[in-house]
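See structure below.
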Amino acid sequence: MNASSENIQQARTAEDLTKEIEVARADGTSTHAVLETSDRVLARVTDGIYREPSSALRELVSNAYDADATNVTISTDLPRFHRISVSDNGAGMDEAGVANLILHIGGSVKRTSAGAALHVVNDQDPNLSPGGRPLIGKIGIGLFSVAQLTRHFQIITKRVGNRYRLIADVTLHTYTEEEVEQAGDEETFKTGDVEIWGVEAEDVNAHGTDIVLLDLRDQARNILRSRELWIQLSEDTDEVSRDELGPAAVRPTYHIGEVDPETERFIKNSAEYPWESTDSPQDKMQKLHRRVLDEESKTSNPEIRRSLDNYLEMIWWLALSIPLPYICKHPFELSGEDGVQVFKLGNGRHSRAEDVDLESEQTIASQVSSLSAHIRSSDTFDVFIDGVKLARPLTFEGKQESTHAIERPLIFVGSCSPDLTRIPEDQRGGDLSFDAYIFWRPKIVPKEHNGVLVRIHGASGTLFDETFMSYQVSELTRLRQITAEIFVNKGLESALNIDRESFNYSHPHYQILTRWLHQALRQFANKHKALAQTARQRRRTYEQERQRSKIIERAVDEWKHRYPDEEFELPEVEFVDSDSQAESRRRETDRIVFVASAVLPDSSDRSSTDVRKEKARAVALTLASYGLLDNLPYDEQQRLIHAIIDIFDL
Amino acid sequence: MGEESDNDGLLEGVYQAPQHSSILEKTFQSWHLPRKHWLRINQWCAHTSRLVRDIRREKDIECLRYFSLPGDDLLDVRTLHGVCKREKLPLIALGLNSRMQNPEVQTETNLSLNEVRSLDWVSAECDVLPDRLEHVANADSVAFRRMREFGPFDVVNLDLCESFASAEPGESGSYYTALNRIIDLQLVRRCPWLLFLTTRADRDTVNPETMKRLMRSVNDNISESEDFGIYLSENMSISLDDVRAAIDHEDGWPNDSFHSGFGLGLAKWLLRLGAGYDPPIDVELVDCSGYRVQGGQGIDMLSLVFRVRAQFSEATDSYGLIPVDQNKGRDSSGEMSALGKRVVDGIANLLDVDRHLCADHTVCDKAKEQMKKILKEARYPVEEYDAWVSNRQQSNQCA
């Protein structure tokens, strides 16, 4: 069966189910449907494929984004975690939409013409939502993503203008490997059951979808409750040898407390939130971020996993992975006032990073015009979880408490839209276009923000890759000081694996992106080395100046001690190159004059010669203060000072 | 421990078979009668409107925080939305409903939450927890912790089906301790707040020992203030000896006005309890209505509205640099007495809602239509509503 005939077959089936739901709604009864797939891969993923609960929530929020929602509210019954609901005010679904979702529960019709008929994509461009947003979802396992959290969930949905809501109660089936292996080629796999009802709605203008996850799996619940951690912490208080248990569990600084698993009703350990309950949703996110950064005052290398429990950590990662504004400002909106040094990355193999000078009110985007296109500031997308308004917990502060030679953070920005027209279309993988930044500061806080994060249309399941896409050059220290993001505006989606948390490394887009990043890192490293060298030189000069002035100040103090009434003027000490010059200067002035080579021991280091010259000057002045040079011939004076400097040099 | 039980531990929670939930069949209940909706509008909404306007005179208000014990249809939230819409004020509601443990009730609550969150002035943050009010009595309970995260509240609505006073005095995990915990949570509020308390008020549902203690609070007031005793006796047509008798004998208060005695005792107990908090709170009875749920002649249900305000003390400048504001400061004896008299006024003039609606068909019909509108929003078969109401009215005379 080719792709188009398969689509027709699916469309027909969805049509049948649509009619059944319509009839059942009119009769006040429910429709039952069996979830099936002919895909062995999908049959295997009905038990979930993610490592973290946040992944499933990320997928649900992404669906809401694609449905043009402007508000998504995630409510959990924390700290119990039996139930999680994700409510959005997006377009919602009618019978056809629900039928399609049910029949393709393990995939997506987004970016297809079928998607346009179901109002899930734009009429003009199937890559956009009906409201014009670049779609996030395409690759992925659709609603099967919730399987990580539960095998029972409800979809409550309504489209504007409809006088009814639809409710689908879905239970998922678990497939064993044996069942999948033993099935024949033509066999379909039952992946679940669904009951669908329609109920009357008076609020004709309401629209949106709630996904209510019920009866959360024990495993998911225990992760969200940080159960393992609390068990370890309680064991640590017992008299058990530390050697038997391994490294001690660390109580995170901020946590939601521990619910008593026996009663499910009482709190065993009280919560320690990073915010006050009366704080606004925005302030809660700000404080969560700030408190983690503040951990730097307690530990040299703050980590999210040590600062936050699993639930708060989930909030953090969720905020990083979905299309949201930054907690303060987008890195391309940094201005001259923000105290960050800006450089523009080139796209050529031998390009060098160029300085970008910003006036106080100029932003990076205003000076590097290619970057501004993807900042969709007018697009509202608010996501709340249990009263916290999510925002990307990344800031790019200019101030830094550090002894590093480079005193200000650096940001390297670039963009790339490679011309792929000469590549045959079937190998091209579509167009590719992206913007990026590399942000450097002496220490990245929290530690987990070190790496490169790739966003496709604002969303990322991969989070920070600390290998920088397997960058092999030995730049370990420098790489540990980088946070980077790549904003992909076009392409790369087909390089995502179905969990959307990893890439297919062999995809041409991924290879191009990798190459670009590695070139950018080289540009960064070269510039950084040069800046560091200049800064070190500047610092050394400054230090020497400081040292020299301290040496001479000491000798002056001694002169003043000897002649407190200023009856004698402080003599000047001069160094010349030859005996004849010395003789002539002694005749012309009342200065103390020495031949430099006679006083100073040999040295190839010019900077140390400067310091030693200052020391010789100070020694001469001090000896003169006590009149010890007066009775010595000039060559003896020079020899004496040479001997003193030489002794201190040894 | 045998191997079998060890295995049980390993397997626990791993193999969970998901069960489908179904939709709850919608049947009318006593809280769907017009009188209850009349109270929702004329008590709850009216006082909430007044509170919002009063707070706005003092400060800006960003949202209305509301705590209640809603049914799975969230009728209270749907009704209160009318106030929020008029006042252009988002409503953030937190509810407790222990029936949510039932999967059908859970589904119905999910659906109702979806509906109310779609209303213009209801926040998406609204939530219902599957807990009982009594759980709040324990400061370590999940329910109380969640309340603390949502609160403090502008309105606390304890709409009980049973009696607030059914437990023995001193019983842990009772409504008394839960209310105490809630008040404690509310003490940080500088603005007034409302406490709606709906409770059974018949002799069969009120704990006799508790009733005696409530009467003692009345008697203590009489002992402290002769005026109060006279005022009570005159306005409630009861002798002071009868009040004293009620302290000693569980059937001391006359049967036909037991609800009044209970209401009086409850309001006085709250008033005196309020004085003990830090800061002390004024608990003013601002509305008192009653009706019948058991079909008897006497009122057996009270619907009370208290307006509560913490009394933060003003700094006293003993050096007299700050001029003394004669209108400020709290004359506790006088004010207590005024609040006490208001309790008597409220109980003595208690509105019999059943009779009120029976006497005025226009009012009753209006309440019925308003109820139907809300019920329709909550997907009840409203075409059957009139017949159901008539049937109830015939069996209860007045409903």
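Residues in the structure tokens are numbered from 1 in each chain, the chains being A, B, ... in the order shown, and ligands are numbered from 1 in the order shown.
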
Would you write out, as JSON lines, a table of all residues in chain B that have an atom no more than 8 Å from an atom of chain A, listing for each the closest atom pair and the distance in Å to one decimal, considering only C-alpha atoms and ordering rows by chain and rising residue number?
{"residue": "B:Gly13", "atom": "CA", "partner": "A:Asp218", "partner_atom": "CA", "distance": 5.5}
{"residue": "B:Val14", "atom": "CA", "partner": "A:Asp218", "partner_atom": "CA", "distance": 7.0}
{"residue": "B:Gln16", "atom": "CA", "partner": "A:Arg217", "partner_atom": "CA", "distance": 7.6}
{"residue": "B:Pro18", "atom": "CA", "partner": "A:His152", "partner_atom": "CA", "distance": 5.7}
{"residue": "B:Gln19", "atom": "CA", "partner": "A:Thr171", "partner_atom": "CA", "distance": 7.1}
{"residue": "B:His20", "atom": "CA", "partner": "A:Asp169", "partner_atom": "CA", "distance": 6.5}
{"residue": "B:Ser21", "atom": "CA", "partner": "A:Asp169", "partner_atom": "CA", "distance": 6.7}
{"residue": "B:Ser22", "atom": "CA", "partner": "A:Asp169", "partner_atom": "CA", "distance": 8.0}
{"residue": "B:Asn110", "atom": "CA", "partner": "A:Val212", "partner_atom": "CA", "distance": 7.5}
{"residue": "B:Leu111", "atom": "CA", "partner": "A:Ile156", "partner_atom": "CA", "distance": 7.0}
{"residue": "B:Asn114", "atom": "CA", "partner": "A:Asp210", "partner_atom": "CA", "distance": 6.8}
{"residue": "B:Ser118", "atom": "CA", "partner": "A:Ala206", "partner_atom": "CA", "distance": 5.8}
{"residue": "B:Leu119", "atom": "CA", "partner": "A:Ala206", "partner_atom": "CA", "distance": 7.6}
{"residue": "B:Ala124", "atom": "CA", "partner": "A:Thr73", "partner_atom": "CA", "distance": 6.2}
{"residue": "B:Glu125", "atom": "CA", "partner": "A:Gly387", "partner_atom": "CA", "distance": 6.7}
{"residue": "B:Asp127", "atom": "CA", "partner": "A:Ser75", "partner_atom": "CA", "distance": 7.6}
{"residue": "B:Leu129", "atom": "CA", "partner": "A:Asp77", "partner_atom": "CA", "distance": 7.1}
{"residue": "B:His135", "atom": "CA", "partner": "A:Arg265", "partner_atom": "CA", "distance": 7.8}
{"residue": "B:Asp140", "atom": "CA", "partner": "A:Ile267", "partner_atom": "CA", "distance": 5.2}
{"residue": "B:Ser141", "atom": "CA", "partner": "A:Phe266", "partner_atom": "CA", "distance": 4.1}
{"residue": "B:Val142", "atom": "CA", "partner": "A:Phe266", "partner_atom": "CA", "distance": 5.4}
{"residue": "B:Ala143", "atom": "CA", "partner": "A:Arg265", "partner_atom": "CA", "distance": 7.6}
{"residue": "B:Arg148", "atom": "CA", "partner": "A:Ser277", "partner_atom": "CA", "distance": 7.5}
{"residue": "B:Glu149", "atom": "CA", "partner": "A:Ser277", "partner_atom": "CA", "distance": 5.0}
{"residue": "B:Phe150", "atom": "CA", "partner": "A:Ser277", "partner_atom": "CA", "distance": 7.2}
{"residue": "B:Gly151", "atom": "CA", "partner": "A:Thr278", "partner_atom": "CA", "distance": 7.9}
{"residue": "B:Lys376", "atom": "CA", "partner": "A:Glu202", "partner_atom": "CA", "distance": 7.2}
{"residue": "B:Glu377", "atom": "CA", "partner": "A:Glu202", "partner_atom": "CA", "distance": 5.4}
{"residue": "B:Arg379", "atom": "CA", "partner": "A:Glu200", "partner_atom": "CA", "distance": 6.2}

Selection to disk with C-alpha atoms, as a short mmCIF file (atom, residue, chain, number, x, y, z; two decimals), in the first residue's frame:
data_model
loop_
_atom_site.label_atom_id
_atom_site.label_comp_id
_atom_site.auth_asym_id
_atom_site.auth_seq_id
_atom_site.Cartn_x
_atom_site.Cartn_y
_atom_site.Cartn_z
CA GLY B 13 1.88 -1.02 41.81
CA VAL B 14 3.68 -2.46 38.78
CA GLN B 16 -2.15 -1.69 37.38
CA PRO B 18 -6.69 0.81 34.01
CA GLN B 19 -10.45 0.93 34.34
CA HIS B 20 -12.71 3.11 32.21
CA SER B 21 -14.68 5.80 33.96
CA SER B 22 -18.22 6.51 32.90
CA ASN B 110 -13.21 17.08 35.44
CA LEU B 111 -15.99 18.07 33.09
CA ASN B 114 -13.41 22.29 32.19
CA SER B 118 -13.91 28.28 30.27
CA LEU B 119 -15.95 31.04 31.91
CA ALA B 124 -7.65 28.23 35.06
CA GLU B 125 -5.96 27.69 38.44
CA ASP B 127 -9.02 23.05 41.44
CA LEU B 129 -9.07 18.09 45.89
CA HIS B 135 -8.64 16.70 56.98
CA ASP B 140 0.21 18.39 58.37
CA SER B 141 -2.54 17.30 56.03
CA VAL B 142 -2.13 17.65 52.30
CA ALA B 143 -5.50 19.42 52.19
CA ARG B 148 -2.35 27.49 52.60
CA GLU B 149 -0.81 27.67 49.14
CA PHE B 150 -4.07 28.91 47.60
CA GLY B 151 -5.09 31.20 50.45
CA LYS B 376 -28.52 23.73 32.17
CA GLU B 377 -24.94 24.92 32.13
CA ARG B 379 -25.93 19.62 31.87
#

Find the residues near B:Asp54: any atom within 12 Å, counting only C-alpha atoms, skip ones fewer than 2 places away on the same chain, and give them as a PyMOL selection string. chain B and resi 47-52+56-61+154+191-194+307

Proximity to A:Gln472 - best of A:Gln282, A:Gln519, A:Ser129, A:Asn504, only C-alpha atoms: A:Gln519

Could you pull out the strand (DSSP E or B) residues of stretch 137-352 of chain B from DSSP and send them as a ChimeraX atom specification? /B:141,155-159,193-200,281-291,301-310,351-352

Could you tell me how far atom CA of B:Thr27 lies from atom CA of A:His32, in Å and to one decimal? 24.4 Å

Atom CA of A:Leu463 to atom CA of A:Ser321, distance in Å rounded to a single decimal: 6.9 Å

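Our summary of the geometry notes that atom CA of B:Leu24 is positioned 6.3 Å from atom CA of B:Glu108.
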
Could you produce a table of the residues of stretch 292-395 of chain B lying within 10 Å of stretch 157-171 of chain B, with the nearest pair of atoms per residue and their separation in Å rounded to one decimal, using only C-alpha atoms, ordered by chain and increasing residue number, as a tab-separated table?
residue	atom	partner	partner_atom	distance
B:Val293	CA	B:Cys161	CA	9.6
B:Asp300	CA	B:Ser163	CA	9.7
B:Met301	CA	B:Ser163	CA	8.5
B:Leu302	CA	B:Ser163	CA	9.4
B:Ser303	CA	B:Asp159	CA	8.3
B:Leu304	CA	B:Asp159	CA	9.8
B:Val305	CA	B:Asn157	CA	9.1

Selected residues, N, CA, C and O atoms, written as a PDB file, in the first residue's frame, please.
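Produced file selection.pdb, reproduced below:
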ATOM      1  N   VAL B 293     -34.982  20.587  55.659  1.00  0.00           N
ATOM      2  CA  VAL B 293     -34.580  19.517  54.742  1.00  0.00           C
ATOM      3  C   VAL B 293     -35.222  18.185  55.114  1.00  0.00           C
ATOM      4  O   VAL B 293     -35.244  17.260  54.322  1.00  0.00           O
ATOM      5  N   ASP B 300     -34.630  23.169  60.120  1.00  0.00           N
ATOM      6  CA  ASP B 300     -33.573  22.260  60.554  1.00  0.00           C
ATOM      7  C   ASP B 300     -32.245  22.516  59.829  1.00  0.00           C
ATOM      8  O   ASP B 300     -31.304  21.758  59.949  1.00  0.00           O
ATOM      9  N   MET B 301     -32.222  23.598  59.064  1.00  0.00           N
ATOM     10  CA  MET B 301     -30.986  23.927  58.352  1.00  0.00           C
ATOM     11  C   MET B 301     -30.762  25.431  58.475  1.00  0.00           C
ATOM     12  O   MET B 301     -31.691  26.217  58.245  1.00  0.00           O
ATOM     13  N   LEU B 302     -29.555  25.807  58.818  1.00  0.00           N
ATOM     14  CA  LEU B 302     -29.234  27.234  58.899  1.00  0.00           C
ATOM     15  C   LEU B 302     -28.205  27.594  57.841  1.00  0.00           C
ATOM     16  O   LEU B 302     -27.297  26.822  57.552  1.00  0.00           O
ATOM     17  N   SER B 303     -28.387  28.767  57.279  1.00  0.00           N
ATOM     18  CA  SER B 303     -27.417  29.286  56.316  1.00  0.00           C
ATOM     19  C   SER B 303     -26.957  30.639  56.851  1.00  0.00           C
ATOM     20  O   SER B 303     -27.693  31.625  56.808  1.00  0.00           O
ATOM     21  N   LEU B 304     -25.743  30.655  57.386  1.00  0.00           N
ATOM     22  CA  LEU B 304     -25.251  31.845  58.096  1.00  0.00           C
ATOM     23  C   LEU B 304     -24.130  32.515  57.315  1.00  0.00           C
ATOM     24  O   LEU B 304     -23.333  31.847  56.666  1.00  0.00           O
ATOM     25  N   VAL B 305     -24.098  33.824  57.418  1.00  0.00           N
ATOM     26  CA  VAL B 305     -23.003  34.567  56.797  1.00  0.00           C
ATOM     27  C   VAL B 305     -22.310  35.402  57.874  1.00  0.00           C
ATOM     28  O   VAL B 305     -22.958  36.200  58.551  1.00  0.00           O
TER      29      VAL B 305
END

Output as a VMD selection string all residues of stretch 199-385 of chain A that backbone DSSP marks as alpha helix (DSSP H). chain A and resid 218 to 224 227 to 237 242 to 245 281 to 294 304 to 307 310 to 321 364 to 367

Which of these, B:Asn349, B:Ser30, B:Thr362, B:Thr109, has the shortest distance to B:Leu285 once you count only C-alpha atoms? B:Asn349

Exercise: B:Tyr380 partners within 10 Å, only C-alpha atoms, chain neighbours under 4 positions left out, as JSON, numbers by chain: {"A": [200], "B": [25, 26, 27, 28, 73, 372, 373, 374, 375, 376, 384, 385]}

List the spatial neighbours of B:Arg181 as an mmCIF file with N, CA and C atoms, in the first residue's frame - criterion: any atom at most 8 Å away, only C-alpha atoms, same-chain residues fewer than 6 positions off excluded.
data_model
loop_
_atom_site.group_PDB
_atom_site.id
_atom_site.type_symbol
_atom_site.label_atom_id
_atom_site.label_comp_id
_atom_site.auth_asym_id
_atom_site.auth_seq_id
_atom_site.Cartn_x
_atom_site.Cartn_y
_atom_site.Cartn_z
ATOM 1 N N VAL B 136 -8.566 19.103 56.999
ATOM 2 C CA VAL B 136 -7.931 20.415 57.172
ATOM 3 C C VAL B 136 -7.559 20.646 58.638
ATOM 4 N N ALA B 137 -8.266 19.916 59.533
ATOM 5 C CA ALA B 137 -8.012 20.094 60.965
ATOM 6 C C ALA B 137 -6.550 19.817 61.304
ATOM 7 N N ASN B 138 -5.918 18.956 60.524
ATOM 8 C CA ASN B 138 -4.519 18.611 60.793
ATOM 9 C C ASN B 138 -3.599 19.500 59.956
ATOM 10 N N ALA B 139 -2.726 20.232 60.658
ATOM 11 C CA ALA B 139 -1.849 21.175 59.940
ATOM 12 C C ALA B 139 -0.883 20.463 59.012
#

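Nearest residue to A:His104 among A:Val34, A:Leu358, A:Leu650, A:Ile136 is A:Val34, counting only C-alpha atoms.
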
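For the residues B:Ser239, B:Thr198, B:Ser68, B:Gln393, ranking by smallest atom-to-atom distance to B:Phe306 using only C-alpha atoms places B:Thr198 first.
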